[in-house]
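run-v6.txt (compact mmCIF, C-alpha atoms)
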```
# COMPACT_ATOMS: atom_id res chain seq x y z
CA MET M 1 118.77 110.11 80.13
CA ALA M 2 116.97 112.78 78.14
CA HIS M 3 117.22 116.42 79.21
CA ARG M 4 113.86 117.29 77.63
CA PRO M 5 110.75 116.58 79.67
CA LYS M 6 109.07 113.24 79.19
CA ASN M 7 106.13 113.10 76.83
CA PRO M 8 103.15 113.47 79.24
CA LEU M 9 100.91 111.59 76.79
CA ILE M 10 102.74 108.31 77.36
CA PRO M 11 100.31 106.55 79.72
CA THR M 12 100.86 104.73 82.97
CA ARG M 13 100.29 100.99 83.04
CA GLU M 14 98.62 99.53 86.13
CA GLY M 15 99.66 102.68 88.00
CA VAL M 16 103.32 102.48 86.93
CA SER M 17 104.65 105.58 85.19
CA PRO M 18 106.92 105.05 82.17
CA SER M 19 110.67 105.27 82.48
CA CYS M 20 112.57 107.04 79.71
CA VAL M 21 115.99 106.48 78.16
CA ALA M 22 117.49 108.53 75.31
CA ILE M 23 119.66 107.24 72.49
CA PRO M 24 122.86 109.38 72.42
CA PHE M 25 123.52 111.76 69.55
CA THR M 26 126.17 109.59 67.89
CA GLN M 27 126.57 109.38 64.11
CA PRO M 28 126.42 106.72 62.97
CA ALA M 29 124.64 105.00 65.85
CA PRO M 30 126.86 102.15 67.12
CA TRP M 31 123.83 99.95 67.84
CA ALA M 32 122.29 97.88 65.06
CA SER M 33 118.85 97.89 66.68
CA VAL M 34 116.76 99.14 69.58
CA LEU M 35 117.15 95.70 71.13
CA GLN M 36 120.94 95.94 71.06
CA PHE M 37 120.87 99.46 72.51
CA LEU M 38 118.56 98.56 75.41
CA SER M 39 120.51 95.38 76.18
CA GLU M 40 123.78 97.32 76.40
CA ARG M 41 122.47 100.50 78.07
CA LEU M 42 120.23 98.75 80.63
CA PRO M 43 121.92 95.38 81.25
CA VAL M 44 120.07 94.79 84.52
CA ILE M 45 117.37 93.42 82.20
CA ALA M 46 118.59 90.43 80.17
CA PRO M 47 118.57 90.70 76.33
CA GLY M 48 116.01 87.91 76.11
CA GLU M 49 113.64 89.80 78.42
CA TRP M 50 114.09 93.00 76.38
CA ALA M 51 113.24 91.00 73.24
CA ARG M 52 110.06 89.71 74.87
CA ARG M 53 109.04 93.19 76.06
CA LEU M 54 109.57 94.63 72.60
CA ALA M 55 107.59 91.80 71.04
CA ARG M 56 104.72 92.50 73.48
CA GLY M 57 104.67 96.18 72.52
CA GLU M 58 106.04 97.32 75.89
CA VAL M 59 108.65 99.75 74.53
CA LEU M 60 107.34 102.92 72.86
CA ASP M 61 108.84 105.80 70.94
CA ASP M 62 108.17 109.48 71.69
CA HIS M 63 104.96 109.29 69.64
CA GLY M 64 103.59 106.41 71.69
CA GLN M 65 104.20 103.84 68.95
CA ALA M 66 105.41 100.36 69.86
CA LEU M 67 108.90 99.53 68.64
CA ALA M 68 109.96 96.18 67.14
CA PRO M 69 113.18 94.51 68.38
CA GLU M 70 114.86 95.15 65.03
CA ALA M 71 113.83 98.83 64.88
CA PRO M 72 116.83 101.06 64.04
CA CYS M 73 118.35 103.42 66.59
CA GLU M 74 117.76 107.09 65.84
CA PRO M 75 120.21 109.40 67.64
CA GLY M 76 118.37 111.59 70.17
CA ALA M 77 115.25 109.43 70.13
CA ARG M 78 113.64 108.63 73.48
CA LEU M 79 112.37 105.19 74.41
CA TYR M 80 109.73 104.51 77.05
CA TYR M 81 109.31 101.34 79.08
CA TRP M 82 107.62 100.33 82.31
CA ARG M 83 109.48 98.97 85.30
CA HIS M 84 108.29 95.72 86.77
CA VAL M 85 109.84 93.11 89.00
CA GLU M 86 109.37 89.43 88.33
CA ASP M 87 107.81 87.66 91.31
CA GLU M 88 107.50 90.92 93.26
CA ALA M 89 106.99 90.17 96.94
CA GLU M 90 103.64 91.10 98.47
CA ILE M 91 103.48 93.74 101.20
CA PRO M 92 100.49 92.59 103.29
CA PHE M 93 99.40 96.05 104.45
CA GLU M 94 97.27 98.76 102.91
CA PRO M 95 97.80 102.53 102.95
CA GLN M 96 94.97 104.79 104.04
CA ILE M 97 93.87 107.99 102.33
CA LEU M 98 93.27 110.58 105.06
CA PHE M 99 92.52 113.62 102.89
CA GLN M 100 91.95 114.52 99.25
CA ASP M 101 90.89 117.69 97.45
CA GLY M 102 91.70 119.21 94.08
CA HIS M 103 95.32 119.91 95.03
CA LEU M 104 96.52 117.40 97.63
CA LEU M 105 96.16 113.80 98.71
CA VAL M 106 97.46 112.74 102.12
CA ALA M 107 98.23 109.06 102.64
CA ASP M 108 98.97 107.15 105.83
CA LYS M 109 101.68 104.69 104.77
CA PRO M 110 102.29 101.34 106.48
CA HIS M 111 105.72 100.12 107.47
CA PHE M 112 107.83 98.31 104.83
CA MET M 113 106.29 100.08 101.80
CA PRO M 114 108.47 102.40 99.66
CA VAL M 115 106.93 105.72 98.65
CA THR M 116 107.95 105.34 94.99
CA PRO M 117 109.10 102.32 92.95
CA SER M 118 112.55 101.27 94.07
CA GLY M 119 114.61 98.13 94.30
CA ARG M 120 112.45 95.03 94.37
CA TYR M 121 109.16 96.92 94.82
CA VAL M 122 107.22 98.55 91.99
CA ARG M 123 103.52 97.57 92.10
CA HIS M 124 103.64 97.53 95.88
CA SER M 125 105.05 101.03 96.24
CA LEU M 126 102.75 103.61 97.82
CA MET M 127 102.54 105.79 94.71
CA VAL M 128 101.58 102.93 92.39
CA ARG M 129 98.99 101.57 94.80
CA LEU M 130 97.41 105.01 95.14
CA LYS M 131 97.36 105.55 91.38
CA GLN M 132 95.65 102.20 90.94
CA ARG M 133 93.11 103.00 93.67
CA THR M 134 92.30 106.58 92.62
CA GLY M 135 92.94 106.54 88.87
CA LEU M 136 95.00 109.73 89.30
CA ASP M 137 98.08 109.31 87.10
CA SER M 138 99.35 112.77 88.05
CA LEU M 139 99.95 111.89 91.73
CA ASN M 140 103.42 112.94 92.82
CA PRO M 141 104.91 112.88 96.34
CA ILE M 142 106.10 116.27 97.55
CA HIS M 143 108.39 114.62 100.13
CA ARG M 144 109.58 111.13 101.09
CA ILE M 145 109.90 108.99 104.18
CA ASP M 146 111.95 105.81 104.53
CA ARG M 147 110.44 102.54 103.38
CA GLU M 148 110.71 101.19 106.93
CA THR M 149 108.93 104.23 108.42
CA ALA M 150 105.14 104.41 108.71
CA GLY M 151 102.99 107.53 108.55
CA LEU M 152 102.14 110.59 106.54
CA VAL M 153 103.10 111.22 102.93
CA VAL M 154 101.65 114.18 101.03
CA PHE M 155 101.05 114.03 97.26
CA ASN M 156 100.13 116.83 94.93
CA LEU M 157 97.65 116.26 92.12
CA ARG M 158 98.31 119.00 89.56
CA PRO M 159 101.68 119.14 87.76
CA GLN M 160 101.51 122.94 87.58
CA ASP M 161 101.51 123.13 91.41
CA ARG M 162 104.43 120.76 91.92
CA ASN M 163 107.25 123.27 92.24
CA ALA M 164 105.33 125.41 94.74
CA TYR M 165 104.85 122.43 97.06
CA HIS M 166 108.43 121.20 96.67
CA ALA M 167 109.62 124.71 97.58
CA LEU M 168 108.05 124.30 101.02
CA PHE M 169 110.58 121.61 101.85
CA ARG M 170 113.51 123.35 100.18
CA GLU M 171 112.77 126.44 102.28
CA ARG M 172 112.08 124.44 105.47
CA ALA M 173 108.58 125.89 105.73
CA VAL M 174 107.07 122.62 106.96
CA ASP M 175 106.62 121.48 110.56
CA LYS M 176 107.11 117.70 110.82
CA ALA M 177 106.56 115.55 113.88
CA TYR M 178 107.61 111.94 114.37
CA GLU M 179 107.26 109.41 117.14
CA ALA M 180 109.65 106.57 117.96
CA ILE M 181 109.92 103.84 120.56
CA ALA M 182 113.42 103.25 121.86
CA PRO M 183 115.14 102.28 125.13
CA HIS M 184 114.46 104.45 128.16
CA ASP M 185 117.52 106.12 129.65
CA PRO M 186 116.53 107.98 132.84
CA THR M 187 119.95 109.65 133.00
CA LEU M 188 119.47 111.41 129.66
CA ALA M 189 118.23 114.97 130.18
CA LEU M 190 115.44 115.72 127.73
CA PRO M 191 114.30 117.61 125.75
CA LEU M 192 117.45 118.28 123.76
CA THR M 193 118.52 119.17 120.24
CA ARG M 194 120.93 116.90 118.39
CA ARG M 195 123.08 118.55 115.72
CA SER M 196 125.67 116.64 113.74
CA ARG M 197 127.13 115.99 110.31
CA ILE M 198 125.58 112.94 108.64
CA GLU M 199 127.23 111.25 105.67
CA GLU M 200 126.86 107.97 103.81
CA ASP M 201 128.73 105.06 105.36
CA VAL M 202 131.60 104.30 102.99
CA GLU M 203 131.47 100.63 104.00
CA ALA M 204 127.69 100.19 103.57
CA PHE M 205 125.88 102.48 101.13
CA PHE M 206 122.49 101.80 102.76
CA ARG M 207 123.61 103.24 106.12
CA MET M 208 124.43 106.75 107.28
CA VAL M 209 126.94 107.74 109.97
CA GLU M 210 127.81 110.80 112.00
CA ALA M 211 131.10 112.34 110.86
CA GLU M 212 133.44 115.15 111.77
CA GLY M 213 132.67 118.53 110.27
CA GLU M 214 130.05 121.23 110.16
CA PRO M 215 126.60 119.95 111.20
CA ASN M 216 124.13 119.40 108.37
CA SER M 217 121.32 117.86 110.44
CA GLU M 218 119.25 118.88 113.44
CA THR M 219 116.58 117.07 115.47
CA ARG M 220 114.64 118.09 118.58
CA VAL M 221 114.07 115.10 120.91
CA GLU M 222 111.63 114.85 123.82
CA ARG M 223 110.35 112.00 125.98
CA LEU M 224 106.59 111.50 125.74
CA GLU M 225 105.90 108.31 127.69
CA VAL M 226 107.73 105.59 129.60
CA ARG M 227 106.77 101.92 129.88
CA GLY M 228 109.34 99.93 131.74
CA ALA M 229 112.56 99.63 129.74
CA TRP M 230 111.07 101.48 126.75
CA ALA M 231 110.02 105.05 126.07
CA ARG M 232 108.05 106.82 123.35
CA TYR M 233 109.88 109.85 121.99
CA GLY M 234 108.70 112.87 120.08
CA LEU M 235 111.05 113.92 117.28
CA ALA M 236 111.02 117.20 115.36
CA PRO M 237 113.54 117.24 112.50
CA LEU M 238 114.55 120.66 111.21
CA THR M 239 116.54 119.10 108.36
CA GLY M 240 115.82 116.06 106.22
CA LYS M 241 118.97 113.95 105.84
CA ARG M 242 118.48 110.29 104.98
CA HIS M 243 118.01 108.13 108.12
CA GLN M 244 118.49 111.29 110.23
CA LEU M 245 116.18 110.31 113.09
CA ARG M 246 117.54 106.78 113.26
CA VAL M 247 121.14 108.01 113.32
CA HIS M 248 120.49 110.73 115.91
CA LEU M 249 118.66 108.46 118.34
CA ASP M 250 121.29 105.75 117.95
CA ALA M 251 124.03 108.33 118.66
CA LEU M 252 122.20 109.19 121.90
CA GLY M 253 122.30 105.52 122.90
CA LEU M 254 118.63 105.07 122.01
CA PRO M 255 118.45 102.83 118.91
CA ILE M 256 114.87 102.62 117.66
CA ALA M 257 113.12 99.32 118.34
CA GLY M 258 113.06 97.10 115.27
CA ASP M 259 115.87 98.94 113.47
CA GLN M 260 117.74 96.52 111.22
CA PHE M 261 120.61 98.90 110.38
CA TYR M 262 121.44 100.76 113.61
CA PRO M 263 123.46 100.36 115.76
CA ARG M 264 124.54 97.30 113.76
CA VAL M 265 123.36 95.70 110.54
CA ARG M 266 121.04 92.79 111.26
CA ARG M 267 119.68 92.46 107.72
CA GLY M 268 121.06 93.38 104.30
CA PRO M 269 119.22 95.98 102.20
CA ASP M 270 117.65 93.19 100.13
CA GLY M 271 117.14 90.69 102.93
CA VAL M 272 113.94 88.82 103.74
CA GLU M 273 111.39 90.98 105.54
CA ASP M 274 110.03 90.10 108.96
CA PHE M 275 106.66 91.83 108.92
CA THR M 276 106.18 91.08 112.63
CA GLU M 277 109.13 93.30 113.59
CA PRO M 278 108.69 96.80 112.11
CA LEU M 279 110.84 99.82 112.79
CA ARG M 280 109.01 101.71 115.55
CA LEU M 281 109.15 105.05 113.77
CA LEU M 282 106.07 107.00 112.70
CA ALA M 283 105.67 110.23 110.71
CA SER M 284 102.86 111.37 112.98
CA ALA M 285 102.01 114.93 111.92
CA ILE M 286 102.77 117.51 109.26
CA ALA M 287 101.73 121.18 109.00
CA PHE M 288 102.31 123.98 106.49
CA THR M 289 100.64 126.92 104.79
CA ASP M 290 99.39 125.74 101.41
CA PRO M 291 101.29 127.78 98.77
CA VAL M 292 98.48 127.32 96.24
CA THR M 293 95.34 127.95 98.31
CA GLY M 294 96.81 129.92 101.22
CA GLN M 295 95.10 127.56 103.69
CA ALA M 296 96.72 126.40 106.92
CA ARG M 297 97.15 122.65 106.53
CA ARG M 298 97.70 120.17 109.36
CA PHE M 299 97.40 116.40 109.11
CA GLU M 300 97.85 113.67 111.74
CA SER M 301 98.46 109.97 111.25
CA ALA M 302 95.80 107.53 112.42
CA ARG M 303 98.48 104.91 113.10
CA THR M 304 100.08 104.07 116.44
CA LEU M 305 103.30 102.27 117.23
CA ASP M 306 103.29 98.83 118.81
CA TRP M 307 105.39 98.63 121.94
CA PRO M 308 108.06 95.90 121.95
CA LEU M 309 107.52 92.93 124.20
CA PRO M 310 109.11 93.36 127.65
```

Mind turning the file's structure into structure tokens?
Amino acid sequence: MAHRPKNPLIPTREGVSPSCVAIPFTQPAPWASVLQFLSERLPVIAPGEWARRLARGEVLDDHGQALAPEAPCEPGARLYYWRHVEDEAEIPFEPQILFQDGHLLVADKPHFMPVTPSGRYVRHSLMVRLKQRTGLDSLNPIHRIDRETAGLVVFNLRPQDRNAYHALFRERAVDKAYEAIAPHDPTLALPLTRRSRIEEDVEAFFRMVEAEGEPNSETRVERLEVRGAWARYGLAPLTGKRHQLRVHLDALGLPIAGDQFYPRVRRGPDGVEDFTEPLRLLASAIAFTDPVTGQARRFESARTLDWPLP
């Protein structure tokens, strides 16, 4: 990939931002054509599909000019293309826009929708849907939540503000609140704070596990409501490790209702979705002091979690 910034004048297409790949500085270039280079460097796309994309003008150079399949490779040149997934599955839910001004947009994301294009979802990612709806190509998430999690995601609008907003999360200057529905254990004394070391599961890259060593994650857990065998919990993560809340509740013997990965894998990372059985985890509130305007910001999700059947 190129170390220089992408050319900001390369446009989005249907809300999808261009991806960029750079031809290495090798003299002479070992690839006879742009088609050969793309086919070898990005083999997840078949050579025939690359040929069709080039013929349709869907690969551009750094000046925004369409490249022909037989175009020569110039060392250091950057090529732009747009990700798309053939027969992309529909996600039958819509995000809500809760707030928008000249600096921020706050979205209320449904379950099952990734924040940014990933895996088998591009057009149905939250960012692409919002770009299509608003026409704002500069939208950029300042944090992420899991695809399976519903709730608040904050985007910034102006590229010049991006680092200031990202710094809030690097410096842990954001208060985040989540809710989850999980089994009720009356013997568990709450509230409590769970601290542990979380690492990627070496046997399943899409899972995380608690491991020996210095803690790198921390979550405050409280019980908000009880309904029979289930309870609604309030979760306040101080850190932001992947799957942190899911791992911490599972370690307490409280696996979140609808979780397909914890305590055991019930569906592979690319398995068929069951939209009737979401993960009962909601990013319910977020608060911070706006580093650009100085305003105190607090946003709350309009979504609620469905309780599992008794």

Computed interatomic separation between atom CA of M:Val128 and atom CA of M:His84 (Å):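 Between atom CA of M:Val128 and atom CA of M:His84 the gap is 11.3 Å.
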
Residue among M:Ile10, M:Leu54, M:Leu245, M:Cys20 lying closest to M:Val34, counting only C-alpha atoms: M:Leu54

Point-to-point distance from atom CA of M:Glu212 to atom CA of M:Ile181, Å rounded to tenths: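 For atom CA of M:Glu212 relative to atom CA of M:Ile181, the distance reads 27.5 Å.
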
M:Thr193 environment, 8 Å, only C-alpha atoms, sequence neighbours closer than 3 positions dropped, as number ranges by chain: M: 218-221

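A straight line drawn from atom CA of M:Gln36 to atom CA of M:Ala66 is 16.2 Å long.
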
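Minimum atom-to-atom distances from M:Leu281, M:Ile142, M:Ala164, M:Ala77 to M:Gly294 were compared using all atoms listed in the file, and the lowest value belongs to M:Ala164.
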
If I wrap all listed atoms of stretch 105-111 of chain M in a box with edges along x, y and z and add 4 Å on each side, what are its centre and edge lengths in Å to one decimal, as JSON?
```
{"center_x": 100.9, "center_y": 107.0, "center_z": 103.1, "size_x": 17.6, "size_y": 21.7, "size_z": 16.8}
```

M:Phe112, M:Phe155, M:Trp50, M:Phe25 ranked by distance to M:Leu130, top pick (using only C-alpha atoms): M:Phe155
